Amino acid sequence: MTVTLDVSDLRKQFAIGRPAIDGVSFAVPAGEIVVLLGPSGCGKTTTLRCVAGLEHPTDGCISIAGRIVSSPAADVFVPPRLRDLGMVFPILCGVAAHDGAAERGLPAQASQNGSR
Ligand SMILES: Nc1ncnc2c1ncn2[C@@H]1O[C@H](COP(=O)(O)OP(=O)(O)O)[C@@H](O)[C@H]1O
Ligand SMILES: [Mg+2]
């Protein structure tokens, strides 16, 4: 089974406070859909932003399709545009009861509109 995303011992320490994530590891095999679940503030967004390259992790390693895209210990940081992935950001403005419906509808809306 090919592992397309491998996150190993990921850590992100912002300027103040305790680490946003500390020792996060998981692998996403090819073709699988994985959901990160957890209470607000547990580090889901920070983890995904690190995978996308929008945050610089403090420690740990991220590989995409077998290629290391982030490893502070090895001084590796591949910029977002060279990671060959996409990210759909949450729409928070104007959604009175935010239950994720807006995000779930986005791919369908995009394909109906013919946009990519
Ligand atoms: N840019 C930032 N600067 C400082 N602290 C941050 C920043 N982004 C997130 N955090 C903190 O990191 C922790 C994890 O946040 P986040 O990843 O947004 O959690 P989640 O998405 O699970 O709600 C929280 O304590 C949050 O306040
Ligand atoms: Mg979040």
# chains A, B, ... in the order shown; residues from 1 in each chain; ligands from 1
$ residues_near_ligand --ligand "ligand 1" --cutoff "12 Å" --atoms "only C-alpha atoms and all ligand atoms" --output "mmCIF file with N, CA, C and O atoms, in the first residue's frame"
data_model
loop_
_atom_site.group_PDB
_atom_site.id
_atom_site.type_symbol
_atom_site.label_atom_id
_atom_site.label_comp_id
_atom_site.auth_asym_id
_atom_site.auth_seq_id
_atom_site.Cartn_x
_atom_site.Cartn_y
_atom_site.Cartn_z
ATOM 1 N N ARG A 11 5.617 18.855 15.374
ATOM 2 C CA ARG A 11 5.529 19.776 16.505
ATOM 3 C C ARG A 11 5.515 21.207 15.973
ATOM 4 O O ARG A 11 6.271 21.535 15.057
ATOM 5 N N LYS A 12 4.632 22.037 16.528
ATOM 6 C CA LYS A 12 4.615 23.452 16.176
ATOM 7 C C LYS A 12 4.491 24.279 17.443
ATOM 8 O O LYS A 12 3.503 24.181 18.187
ATOM 9 N N GLN A 13 5.511 25.078 17.672
ATOM 10 C CA GLN A 13 5.515 25.991 18.815
ATOM 11 C C GLN A 13 5.395 27.407 18.283
ATOM 12 O O GLN A 13 6.278 27.878 17.568
ATOM 13 N N PHE A 14 4.288 28.078 18.569
ATOM 14 C CA PHE A 14 4.177 29.482 18.195
ATOM 15 C C PHE A 14 4.988 30.319 19.198
ATOM 16 O O PHE A 14 5.548 29.775 20.157
ATOM 17 N N ALA A 15 5.030 31.619 18.994
ATOM 18 C CA ALA A 15 5.916 32.476 19.793
ATOM 19 C C ALA A 15 5.626 32.388 21.280
ATOM 20 O O ALA A 15 6.544 32.453 22.109
ATOM 21 N N ILE A 16 4.342 32.271 21.621
ATOM 22 C CA ILE A 16 3.996 32.191 23.038
ATOM 23 C C ILE A 16 3.108 30.971 23.298
ATOM 24 O O ILE A 16 2.511 30.425 22.380
ATOM 25 N N GLY A 17 3.040 30.591 24.542
ATOM 26 C CA GLY A 17 2.137 29.509 24.947
ATOM 27 C C GLY A 17 2.750 28.135 24.760
ATOM 28 O O GLY A 17 3.889 27.983 24.329
ATOM 29 N N ARG A 18 1.933 27.137 25.076
ATOM 30 C CA ARG A 18 2.400 25.762 24.902
ATOM 31 C C ARG A 18 2.300 25.381 23.435
ATOM 32 O O ARG A 18 1.607 26.047 22.660
ATOM 33 N N PRO A 19 2.978 24.295 23.026
ATOM 34 C CA PRO A 19 2.950 23.928 21.604
ATOM 35 C C PRO A 19 1.517 23.705 21.112
ATOM 36 O O PRO A 19 0.694 23.106 21.809
ATOM 37 N N ALA A 20 1.238 24.191 19.896
ATOM 38 C CA ALA A 20 -0.080 23.985 19.297
ATOM 39 C C ALA A 20 -0.267 22.511 18.965
ATOM 40 O O ALA A 20 -1.372 21.970 19.086
ATOM 41 N N ILE A 21 0.794 21.877 18.486
ATOM 42 C CA ILE A 21 0.804 20.417 18.292
ATOM 43 C C ILE A 21 2.155 19.892 18.781
ATOM 44 O O ILE A 21 3.173 20.568 18.678
ATOM 45 N N ASP A 22 2.127 18.694 19.295
ATOM 46 C CA ASP A 22 3.351 18.171 19.924
ATOM 47 C C ASP A 22 3.395 16.654 19.768
ATOM 48 O O ASP A 22 2.753 15.924 20.518
ATOM 49 N N VAL A 24 2.602 14.835 16.775
ATOM 50 C CA VAL A 24 1.502 14.308 15.948
ATOM 51 C C VAL A 24 2.067 13.417 14.840
ATOM 52 O O VAL A 24 2.950 13.837 14.082
ATOM 53 N N VAL A 35 -10.288 12.151 8.222
ATOM 54 C CA VAL A 35 -10.807 13.339 8.897
ATOM 55 C C VAL A 35 -10.094 13.494 10.233
ATOM 56 O O VAL A 35 -9.954 12.527 10.980
ATOM 57 N N LEU A 36 -9.626 14.709 10.514
ATOM 58 C CA LEU A 36 -9.048 14.994 11.828
ATOM 59 C C LEU A 36 -10.168 15.480 12.738
ATOM 60 O O LEU A 36 -10.839 16.457 12.425
ATOM 61 N N LEU A 37 -10.365 14.800 13.837
ATOM 62 C CA LEU A 37 -11.414 15.170 14.790
ATOM 63 C C LEU A 37 -10.788 15.561 16.125
ATOM 64 O O LEU A 37 -9.782 14.984 16.532
ATOM 65 N N GLY A 38 -11.405 16.515 16.789
ATOM 66 C CA GLY A 38 -10.920 16.889 18.114
ATOM 67 C C GLY A 38 -11.534 18.206 18.528
ATOM 68 O O GLY A 38 -12.053 18.945 17.694
ATOM 69 N N PRO A 39 -11.461 18.515 19.814
ATOM 70 C CA PRO A 39 -12.062 19.756 20.317
ATOM 71 C C PRO A 39 -11.358 20.988 19.765
ATOM 72 O O PRO A 39 -10.215 20.919 19.309
ATOM 73 N N SER A 40 -12.070 22.099 19.806
ATOM 74 C CA SER A 40 -11.504 23.363 19.340
ATOM 75 C C SER A 40 -10.189 23.648 20.062
ATOM 76 O O SER A 40 -10.094 23.518 21.281
ATOM 77 N N GLY A 41 -9.178 23.995 19.281
ATOM 78 C CA GLY A 41 -7.891 24.359 19.856
ATOM 79 C C GLY A 41 -6.919 23.206 20.021
ATOM 80 O O GLY A 41 -5.802 23.389 20.507
ATOM 81 N N CYS A 42 -7.310 22.007 19.599
ATOM 82 C CA CYS A 42 -6.422 20.853 19.811
ATOM 83 C C CYS A 42 -5.319 20.756 18.751
ATOM 84 O O CYS A 42 -4.404 19.952 18.887
ATOM 85 N N GLY A 43 -5.431 21.564 17.679
ATOM 86 C CA GLY A 43 -4.340 21.613 16.710
ATOM 87 C C GLY A 43 -4.650 21.078 15.322
ATOM 88 O O GLY A 43 -3.734 20.890 14.515
ATOM 89 N N LYS A 44 -5.913 20.887 15.009
ATOM 90 C CA LYS A 44 -6.281 20.347 13.690
ATOM 91 C C LYS A 44 -5.832 21.285 12.561
ATOM 92 O O LYS A 44 -5.182 20.864 11.610
ATOM 93 N N THR A 45 -6.209 22.549 12.672
ATOM 94 C CA THR A 45 -5.876 23.507 11.616
ATOM 95 C C THR A 45 -4.368 23.681 11.496
ATOM 96 O O THR A 45 -3.815 23.720 10.385
ATOM 97 N N THR A 46 -3.695 23.768 12.615
ATOM 98 C CA THR A 46 -2.230 23.921 12.585
ATOM 99 C C THR A 46 -1.584 22.741 11.882
ATOM 100 O O THR A 46 -0.656 22.907 11.074
ATOM 101 N N THR A 47 -2.085 21.538 12.145
ATOM 102 C CA THR A 47 -1.553 20.345 11.484
ATOM 103 C C THR A 47 -1.721 20.447 9.974
ATOM 104 O O THR A 47 -0.769 20.231 9.209
ATOM 105 N N LEU A 48 -2.943 20.815 9.526
ATOM 106 C CA LEU A 48 -3.199 20.902 8.089
ATOM 107 C C LEU A 48 -2.400 22.041 7.452
ATOM 108 O O LEU A 48 -1.926 21.914 6.319
ATOM 109 N N ARG A 49 -2.248 23.133 8.165
ATOM 110 C CA ARG A 49 -1.448 24.249 7.630
ATOM 111 C C ARG A 49 0.017 23.852 7.504
ATOM 112 O O ARG A 49 0.699 24.284 6.569
ATOM 113 N N CYS A 50 0.486 23.028 8.406
ATOM 114 C CA CYS A 50 1.868 22.518 8.290
ATOM 115 C C CYS A 50 1.990 21.609 7.067
ATOM 116 O O CYS A 50 2.976 21.680 6.320
ATOM 117 N N LEU A 54 1.823 26.171 4.948
ATOM 118 C CA LEU A 54 1.465 27.534 5.365
ATOM 119 C C LEU A 54 2.032 27.867 6.738
ATOM 120 O O LEU A 54 2.001 29.022 7.169
ATOM 121 N N GLU A 55 2.483 26.882 7.452
ATOM 122 C CA GLU A 55 3.198 27.079 8.720
ATOM 123 C C GLU A 55 4.538 26.354 8.629
ATOM 124 O O GLU A 55 4.635 25.310 7.962
ATOM 125 N N HIS A 56 5.506 26.880 9.311
ATOM 126 C CA HIS A 56 6.801 26.205 9.421
ATOM 127 C C HIS A 56 6.796 25.395 10.713
ATOM 128 O O HIS A 56 6.800 25.981 11.801
ATOM 129 N N PRO A 57 6.772 24.075 10.621
ATOM 130 C CA PRO A 57 6.802 23.272 11.846
ATOM 131 C C PRO A 57 8.082 23.522 12.639
ATOM 132 O O PRO A 57 9.116 23.889 12.059
ATOM 133 N N PHE A 89 -10.447 26.380 2.287
ATOM 134 C CA PHE A 89 -10.517 27.076 3.568
ATOM 135 C C PHE A 89 -11.966 27.177 4.034
ATOM 136 O O PHE A 89 -12.880 27.315 3.217
ATOM 137 N N PRO A 90 -12.205 27.135 5.335
ATOM 138 C CA PRO A 90 -13.571 27.270 5.845
ATOM 139 C C PRO A 90 -14.131 28.649 5.522
ATOM 140 O O PRO A 90 -13.392 29.627 5.482
#
$ residues_around --residues "Asp59 (chain A)" --least-positions-apart "3" --cutoff "8 Å" --atoms "only C-alpha atoms" --output "list in words"
Asp9, Leu10, Arg11, Lys12, Ser71, Pro72 and Ala73 of chain A
$ select_by_dssp --residues "region 32-88 of chain A" --states "alpha helix (DSSP H)" --output "list in words"
Lys44, Thr45, Thr46, Thr47, Leu48, Arg49, Cys50, Val51 and Ala52 of chain A
$ atom_distance --atom1 "CA of Pro29 (chain A)" --atom2 "CA of Leu85 (chain A)"
15.0 Å
$ select_by_dssp --residues "region 21-61 of chain A" --states "strand (DSSP E or B)" --output "PyMOL selection string"
chain A and resi 21-29+59-61
$ atom_distance --atom1 "CA of Asp75 (chain A)" --atom2 "CA of Val34 (chain A)"
28.1 Å
$ decode --residues "region 56-72 of chain A" --atoms "N, CA and C atoms" --output "PDB file, in the first residue's frame"
ATOM      1  N   HIS A  56       5.506  26.880   9.311  1.00  0.00           N
ATOM      2  CA  HIS A  56       6.801  26.205   9.421  1.00  0.00           C
ATOM      3  C   HIS A  56       6.796  25.395  10.713  1.00  0.00           C
ATOM      4  N   PRO A  57       6.772  24.075  10.621  1.00  0.00           N
ATOM      5  CA  PRO A  57       6.802  23.272  11.846  1.00  0.00           C
ATOM      6  C   PRO A  57       8.082  23.522  12.639  1.00  0.00           C
ATOM      7  N   THR A  58       7.997  23.302  13.927  1.00  0.00           N
ATOM      8  CA  THR A  58       9.176  23.440  14.782  1.00  0.00           C
ATOM      9  C   THR A  58      10.024  22.179  14.716  1.00  0.00           C
ATOM     10  N   ASP A  59       9.349  21.044  14.560  1.00  0.00           N
ATOM     11  CA  ASP A  59      10.066  19.759  14.538  1.00  0.00           C
ATOM     12  C   ASP A  59       9.192  18.711  13.868  1.00  0.00           C
ATOM     13  N   GLY A  60       9.776  17.582  13.558  1.00  0.00           N
ATOM     14  CA  GLY A  60       9.043  16.496  12.927  1.00  0.00           C
ATOM     15  C   GLY A  60       9.277  16.466  11.424  1.00  0.00           C
ATOM     16  N   CYS A  61       8.580  15.561  10.772  1.00  0.00           N
ATOM     17  CA  CYS A  61       8.815  15.351   9.343  1.00  0.00           C
ATOM     18  C   CYS A  61       7.480  15.138   8.613  1.00  0.00           C
ATOM     19  N   ILE A  62       7.350  15.745   7.434  1.00  0.00           N
ATOM     20  CA  ILE A  62       6.168  15.541   6.583  1.00  0.00           C
ATOM     21  C   ILE A  62       6.648  15.085   5.209  1.00  0.00           C
ATOM     22  N   SER A  63       6.088  13.961   4.761  1.00  0.00           N
ATOM     23  CA  SER A  63       6.403  13.466   3.415  1.00  0.00           C
ATOM     24  C   SER A  63       5.126  13.375   2.603  1.00  0.00           C
ATOM     25  N   ILE A  64       5.212  13.752   1.341  1.00  0.00           N
ATOM     26  CA  ILE A  64       4.101  13.611   0.401  1.00  0.00           C
ATOM     27  C   ILE A  64       4.598  12.777  -0.773  1.00  0.00           C
ATOM     28  N   ALA A  65       3.912  11.669  -0.994  1.00  0.00           N
ATOM     29  CA  ALA A  65       4.302  10.743  -2.067  1.00  0.00           C
ATOM     30  C   ALA A  65       5.779  10.367  -1.970  1.00  0.00           C
ATOM     31  N   GLY A  66       6.226  10.139  -0.755  1.00  0.00           N
ATOM     32  CA  GLY A  66       7.592   9.664  -0.546  1.00  0.00           C
ATOM     33  C   GLY A  66       8.663  10.743  -0.570  1.00  0.00           C
ATOM     34  N   ARG A  67       8.233  11.986  -0.777  1.00  0.00           N
ATOM     35  CA  ARG A  67       9.195  13.090  -0.835  1.00  0.00           C
ATOM     36  C   ARG A  67       9.066  13.934   0.435  1.00  0.00           C
ATOM     37  N   ILE A  68      10.151  14.150   1.112  1.00  0.00           N
ATOM     38  CA  ILE A  68      10.123  14.970   2.324  1.00  0.00           C
ATOM     39  C   ILE A  68       9.894  16.429   1.932  1.00  0.00           C
ATOM     40  N   VAL A  69       8.802  17.008   2.445  1.00  0.00           N
ATOM     41  CA  VAL A  69       8.494  18.413   2.139  1.00  0.00           C
ATOM     42  C   VAL A  69       8.765  19.325   3.331  1.00  0.00           C
ATOM     43  N   SER A  70       8.907  18.718   4.514  1.00  0.00           N
ATOM     44  CA  SER A  70       9.204  19.519   5.694  1.00  0.00           C
ATOM     45  C   SER A  70       9.971  18.689   6.698  1.00  0.00           C
ATOM     46  N   SER A  71      11.148  19.193   7.043  1.00  0.00           N
ATOM     47  CA  SER A  71      11.958  18.561   8.085  1.00  0.00           C
ATOM     48  C   SER A  71      12.935  19.598   8.623  1.00  0.00           C
ATOM     49  N   PRO A  72      12.532  20.292   9.688  1.00  0.00           N
ATOM     50  CA  PRO A  72      13.419  21.327  10.231  1.00  0.00           C
ATOM     51  C   PRO A  72      14.800  20.787  10.592  1.00  0.00           C
TER      52      PRO A  72
END
